[in-house]
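Participant: Just one file: model23.csv, with CSV, C-alpha atoms.
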```csv
chain,number,residue,atom,x,y,z
A,1,MET,CA,-43.4,85.4,262.9
A,2,ASN,CA,-45.1,86.2,259.7
A,3,GLU,CA,-46.3,89.7,260.0
A,4,ASN,CA,-48.2,91.1,257.1
A,5,ARG,CA,-47.0,94.6,256.7
A,6,LYS,CA,-48.6,97.0,254.3
A,7,ARG,CA,-46.3,99.4,252.7
A,8,ILE,CA,-47.7,102.8,251.8
A,9,ILE,CA,-45.8,104.9,249.4
A,10,GLU,CA,-46.7,108.5,249.3
A,11,ILE,CA,-45.7,110.5,246.3
A,12,ASP,CA,-45.9,114.2,246.5
A,13,GLU,CA,-46.9,115.3,243.0
A,14,GLU,CA,-47.2,118.9,242.2
A,15,PRO,CA,-50.2,119.6,240.0
A,16,LEU,CA,-49.5,120.8,236.5
A,17,PRO,CA,-50.4,124.5,236.1
A,18,HIS,CA,-53.5,123.7,234.1
A,19,ASP,CA,-54.7,121.4,237.0
A,20,THR,CA,-54.5,124.3,239.5
A,21,ILE,CA,-55.7,127.1,237.3
A,22,GLY,CA,-59.2,127.0,235.9
A,23,SER,CA,-60.1,127.3,232.2
A,24,VAL,CA,-61.5,130.8,232.7
A,25,ASP,CA,-58.3,131.9,234.3
A,26,LEU,CA,-56.3,130.3,231.5
A,27,LEU,CA,-58.4,132.0,228.9
A,28,HIS,CA,-58.0,135.4,230.6
A,29,ARG,CA,-54.3,134.8,230.7
A,30,ALA,CA,-54.2,133.8,227.0
A,31,MET,CA,-56.0,137.0,226.1
A,32,ASP,CA,-54.3,139.4,228.5
A,33,THR,CA,-50.8,138.1,228.8
A,34,TYR,CA,-50.3,136.5,225.4
A,35,LYS,CA,-52.6,138.8,223.4
A,36,ILE,CA,-54.8,136.1,221.9
A,37,SER,CA,-57.8,137.9,220.4
A,38,TYR,CA,-61.4,136.8,220.1
A,39,GLU,CA,-60.9,136.7,216.4
A,40,SER,CA,-57.9,134.3,216.8
A,41,LEU,CA,-60.0,132.2,219.3
A,42,GLU,CA,-62.8,131.9,216.8
A,43,ARG,CA,-60.4,130.9,214.0
A,44,LEU,CA,-58.6,128.4,216.2
A,45,THR,CA,-61.6,126.8,217.8
A,46,ALA,CA,-64.6,127.5,215.5
A,47,ILE,CA,-66.4,128.8,218.7
A,48,GLY,CA,-67.9,132.2,218.2
A,49,ARG,CA,-67.0,135.4,220.1
A,50,ASP,CA,-70.4,135.6,221.8
A,51,ASP,CA,-69.9,132.2,223.3
A,52,TRP,CA,-66.4,133.1,224.5
A,53,GLU,CA,-67.6,136.3,226.0
A,54,ALA,CA,-70.5,134.5,227.8
A,55,TYR,CA,-68.0,131.9,229.0
A,56,LEU,CA,-65.7,134.5,230.5
A,57,SER,CA,-68.6,136.3,232.2
A,58,GLY,CA,-69.8,133.1,233.7
A,59,ASP,CA,-73.1,133.0,231.8
A,60,THR,CA,-72.3,129.6,230.2
A,61,ASP,CA,-70.0,126.7,230.6
A,62,LEU,CA,-70.2,126.0,226.8
A,63,GLU,CA,-72.2,122.8,227.4
A,64,HIS,CA,-74.2,123.6,224.2
A,65,ILE,CA,-71.0,123.1,222.2
A,66,ASP,CA,-70.2,119.6,220.9
A,67,ALA,CA,-68.2,117.8,223.6
A,68,GLY,CA,-65.3,117.0,221.3
A,69,LYS,CA,-65.0,120.5,220.0
A,70,ARG,CA,-65.3,122.0,223.5
A,71,SER,CA,-62.6,119.6,224.8
A,72,ALA,CA,-60.2,120.4,222.0
A,73,ALA,CA,-60.8,124.1,222.5
A,74,PHE,CA,-60.0,123.9,226.3
A,75,ASP,CA,-56.9,121.8,225.6
A,76,LEU,CA,-55.7,124.5,223.3
A,77,ILE,CA,-56.6,127.3,225.7
A,78,ALA,CA,-54.6,125.5,228.4
A,79,PHE,CA,-51.5,125.7,226.3
A,80,LEU,CA,-52.2,129.3,225.1
A,81,GLY,CA,-52.9,130.4,228.7
A,82,MET,CA,-49.7,128.8,230.1
A,83,GLY,CA,-47.6,130.1,227.3
A,84,ILE,CA,-46.1,127.5,225.0
A,85,ASN,CA,-42.6,128.8,225.6
A,86,THR,CA,-42.3,127.3,229.1
A,87,PRO,CA,-39.0,126.2,230.6
A,88,GLN,CA,-40.5,122.8,231.4
A,89,ILE,CA,-40.5,121.9,227.7
A,90,LEU,CA,-37.3,122.7,225.8
A,91,PRO,CA,-37.6,123.9,222.2
A,92,GLU,CA,-35.5,120.9,221.1
A,93,GLU,CA,-38.1,118.5,222.7
A,94,ARG,CA,-40.9,120.3,220.8
A,95,LEU,CA,-39.0,119.9,217.5
A,96,LYS,CA,-38.4,116.2,218.2
A,97,ALA,CA,-42.1,115.7,218.9
A,98,ILE,CA,-43.0,117.4,215.6
A,99,MET,CA,-40.5,115.3,213.7
A,100,GLN,CA,-41.7,112.1,215.3
A,101,GLY,CA,-45.3,113.1,214.6
A,102,LEU,CA,-44.4,113.7,210.9
A,103,SER,CA,-42.7,110.3,210.8
A,104,GLU,CA,-45.6,108.5,212.4
A,105,SER,CA,-48.3,110.2,210.4
A,106,PHE,CA,-46.7,110.5,207.0
A,107,GLY,CA,-43.8,108.1,207.1
A,108,PHE,CA,-41.1,110.8,206.8
A,109,THR,CA,-37.7,109.5,207.7
A,110,ALA,CA,-35.0,111.5,209.5
A,111,GLU,CA,-33.3,111.6,206.1
A,112,THR,CA,-36.3,113.1,204.4
A,113,LEU,CA,-36.7,115.7,207.0
A,114,ALA,CA,-33.0,116.5,206.9
A,115,LEU,CA,-32.9,116.9,203.1
A,116,GLN,CA,-36.0,119.1,203.2
A,117,SER,CA,-34.3,121.2,205.7
A,118,GLY,CA,-30.9,121.5,204.0
A,119,VAL,CA,-28.9,119.6,206.6
A,120,GLU,CA,-27.1,116.2,206.4
A,121,PRO,CA,-29.2,113.2,207.3
A,122,SER,CA,-26.7,112.3,210.0
A,123,ASP,CA,-27.5,115.7,211.7
A,124,ALA,CA,-31.2,114.8,211.9
A,125,GLU,CA,-30.4,111.3,213.2
A,126,ARG,CA,-28.0,112.7,215.8
A,127,PHE,CA,-30.6,115.3,216.9
A,128,LEU,CA,-33.4,112.7,217.2
A,129,ALA,CA,-31.0,110.5,219.3
A,130,GLY,CA,-30.4,113.4,221.7
A,131,ARG,CA,-26.9,114.0,220.7
A,132,LYS,CA,-25.2,117.4,220.1
A,133,VAL,CA,-25.9,119.2,216.8
A,134,ALA,CA,-24.6,122.7,216.0
A,135,ALA,CA,-27.0,125.5,216.6
A,136,GLU,CA,-27.1,126.6,212.9
A,137,LYS,CA,-28.0,123.0,211.9
A,138,ARG,CA,-30.7,122.8,214.6
A,139,PHE,CA,-32.1,126.1,213.4
A,140,LYS,CA,-32.2,124.9,209.7
A,141,LEU,CA,-33.8,121.7,210.8
A,142,ALA,CA,-36.4,123.5,212.9
A,143,MET,CA,-37.3,125.9,210.1
A,144,GLY,CA,-37.5,123.1,207.5
A,145,VAL,CA,-39.6,120.8,209.6
A,146,LEU,CA,-42.0,123.5,210.8
A,147,PHE,CA,-42.5,124.8,207.2
A,148,LEU,CA,-43.1,121.2,206.0
A,149,TYR,CA,-45.6,120.8,208.9
A,150,PHE,CA,-47.3,124.1,207.9
A,151,LEU,CA,-47.5,122.9,204.2
A,152,ILE,CA,-49.0,119.6,205.2
A,153,TYR,CA,-51.7,121.0,207.5
A,154,ARG,CA,-52.5,124.0,205.2
A,155,LYS,CA,-53.2,121.7,202.3
A,156,PRO,CA,-56.8,121.5,201.1
A,157,GLU,CA,-58.4,118.1,201.7
A,158,ILE,CA,-57.5,115.8,198.9
```
Can the structure from this file be put into structure tokens for me?
Facilitator:
Amino acid sequence: MNENRKRIIEIDEEPLPHDTIGSVDLLHRAMDTYKISYESLERLTAIGRDDWEAYLSGDTDLEHIDAGKRSAAFDLIAFLGMGINTPQILPEERLKAIMQGLSESFGFTAETLALQSGVEPSDAERFLAGRKVAAEKRFKLAMGVLFLYFLIYRKPEI
């Protein structure tokens, strides 16, 4: 008896908050809950206040904005509307992501990031490996890495 049985696996996936909440709702939340102003939105997205006001009132879906620019703006608004300090993403994981990004984009090693931050290279290596590092050293590493990130992305185009 060779029965051909199909197996169906059902996976209950909870949608991510930005999948269940619309962009308009996220934008309202960013502005109301997290106090993101129109001026900040303009600076962050290069999309003007009039366009944002029209979007919030339902007069436009911003289709007249370049698709790439619009997509990047909505991605940012999703994070701003959900609040970047969510319990789902620990601060340590955010720092690791920034450190890995700096490494991939600019070739910075754990040693370089540690020395720029005033901690021992072994501390940065342990942190990236997910091992325990003292809170004071994590703080120094976070401040050094974030300031380095700030300097890099604030630089004028060379």
Participant: I want to know what sits within 9 Å of stretch 56-65 of chain A, based on only C-alpha atoms, with residues of the same chain fewer than 5 positions away left out; could you give that as a PyMOL selection string?
Facilitator: chain A and resi 24-25+27-28+47+51+70
Participant: Any chance you can output those residues with C-alpha atoms as an mmCIF file, keeping the file's coordinate frame?
Facilitator:
```
data_model
loop_
_atom_site.group_PDB
_atom_site.id
_atom_site.type_symbol
_atom_site.label_atom_id
_atom_site.label_comp_id
_atom_site.auth_asym_id
_atom_site.auth_seq_id
_atom_site.Cartn_x
_atom_site.Cartn_y
_atom_site.Cartn_z
ATOM 1 C CA VAL A 24 -61.500 130.800 232.700
ATOM 2 C CA ASP A 25 -58.300 131.900 234.300
ATOM 3 C CA LEU A 27 -58.400 132.000 228.900
ATOM 4 C CA HIS A 28 -58.000 135.400 230.600
ATOM 5 C CA ILE A 47 -66.400 128.800 218.700
ATOM 6 C CA ASP A 51 -69.900 132.200 223.300
ATOM 7 C CA ARG A 70 -65.300 122.000 223.500
#
```
Participant: Give me, please, the distance in Å between atom CA of A:Phe147 and atom CA of A:Thr112, quoted to one decimal.
Facilitator: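 These atoms are spaced 13.5 Å apart.
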Participant: From the set A:Ser105, A:Leu141, A:Arg29, A:Tyr55, which residue has the shortest atom-to-atom contact distance to A:Ser122, counting only C-alpha atoms?
Facilitator: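 Among the listed residues, the smallest separation from A:Ser122 belongs to A:Leu141.
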Participant: Kindly indicate which residue among A:Leu128, A:Leu26, A:Leu80, A:Leu44 lies nearest to A:Glu93, using only C-alpha atoms for the distances.
Facilitator: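 The closest residue to A:Glu93 is A:Leu128.
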Participant: List the residues sitting within 7 Å of (-36.3, 119.2, 206.7) in the file's frame, using all atoms listed in the file, as an mmCIF file with C-alpha atoms, in the coordinates of the input.
Facilitator:
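What follows is the written file out.cif:
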```cif
data_model
loop_
_atom_site.group_PDB
_atom_site.id
_atom_site.type_symbol
_atom_site.label_atom_id
_atom_site.label_comp_id
_atom_site.auth_asym_id
_atom_site.auth_seq_id
_atom_site.Cartn_x
_atom_site.Cartn_y
_atom_site.Cartn_z
ATOM 1 C CA THR A 112 -36.300 113.100 204.400
ATOM 2 C CA LEU A 113 -36.700 115.700 207.000
ATOM 3 C CA ALA A 114 -33.000 116.500 206.900
ATOM 4 C CA LEU A 115 -32.900 116.900 203.100
ATOM 5 C CA GLN A 116 -36.000 119.100 203.200
ATOM 6 C CA SER A 117 -34.300 121.200 205.700
ATOM 7 C CA GLY A 118 -30.900 121.500 204.000
ATOM 8 C CA LEU A 141 -33.800 121.700 210.800
ATOM 9 C CA GLY A 144 -37.500 123.100 207.500
ATOM 10 C CA VAL A 145 -39.600 120.800 209.600
#
```
Participant: Can you tell me how far atom CA of A:Arg154 sits from atom CA of A:Ser71, in Å to one decimal?
Facilitator: 22.5 Å
Participant: With N, CA and C atoms as the goal, would you fill in the gaps in stretch 90-102 of chain A and present it as a tab-separated table (two decimals), in the frame of the given file?
Facilitator:
```tsv
chain	number	residue	atom	x	y	z
A	90	LEU	N	-38.38	122.08	226.58
A	90	LEU	CA	-37.30	122.70	225.80
A	90	LEU	C	-37.73	122.78	224.33
A	91	PRO	N	-37.29	123.81	223.60
A	91	PRO	CA	-37.60	123.90	222.20
A	91	PRO	C	-37.13	122.65	221.41
A	92	GLU	N	-36.00	122.07	221.80
A	92	GLU	CA	-35.50	120.90	221.10
A	92	GLU	C	-36.50	119.71	221.29
A	93	GLU	N	-37.13	119.61	222.46
A	93	GLU	CA	-38.10	118.50	222.70
A	93	GLU	C	-39.35	118.76	221.85
A	94	ARG	N	-39.74	120.01	221.67
A	94	ARG	CA	-40.90	120.30	220.80
A	94	ARG	C	-40.60	119.91	219.36
A	95	LEU	N	-39.39	120.26	218.91
A	95	LEU	CA	-39.00	119.90	217.50
A	95	LEU	C	-38.97	118.40	217.36
A	96	LYS	N	-38.41	117.70	218.33
A	96	LYS	CA	-38.40	116.20	218.20
A	96	LYS	C	-39.79	115.67	218.14
A	97	ALA	N	-40.70	116.21	218.93
A	97	ALA	CA	-42.10	115.70	218.90
A	97	ALA	C	-42.72	115.95	217.55
A	98	ILE	N	-42.47	117.10	216.94
A	98	ILE	CA	-43.00	117.40	215.60
A	98	ILE	C	-42.41	116.42	214.58
A	99	MET	N	-41.11	116.23	214.67
A	99	MET	CA	-40.50	115.30	213.70
A	99	MET	C	-40.99	113.90	213.88
A	100	GLN	N	-41.15	113.45	215.12
A	100	GLN	CA	-41.70	112.10	215.30
A	100	GLN	C	-43.13	112.00	214.87
A	101	GLY	N	-43.89	113.06	215.06
A	101	GLY	CA	-45.30	113.10	214.60
A	101	GLY	C	-45.34	112.98	213.06
A	102	LEU	N	-44.49	113.72	212.38
A	102	LEU	CA	-44.40	113.70	210.90
A	102	LEU	C	-44.02	112.27	210.44
```
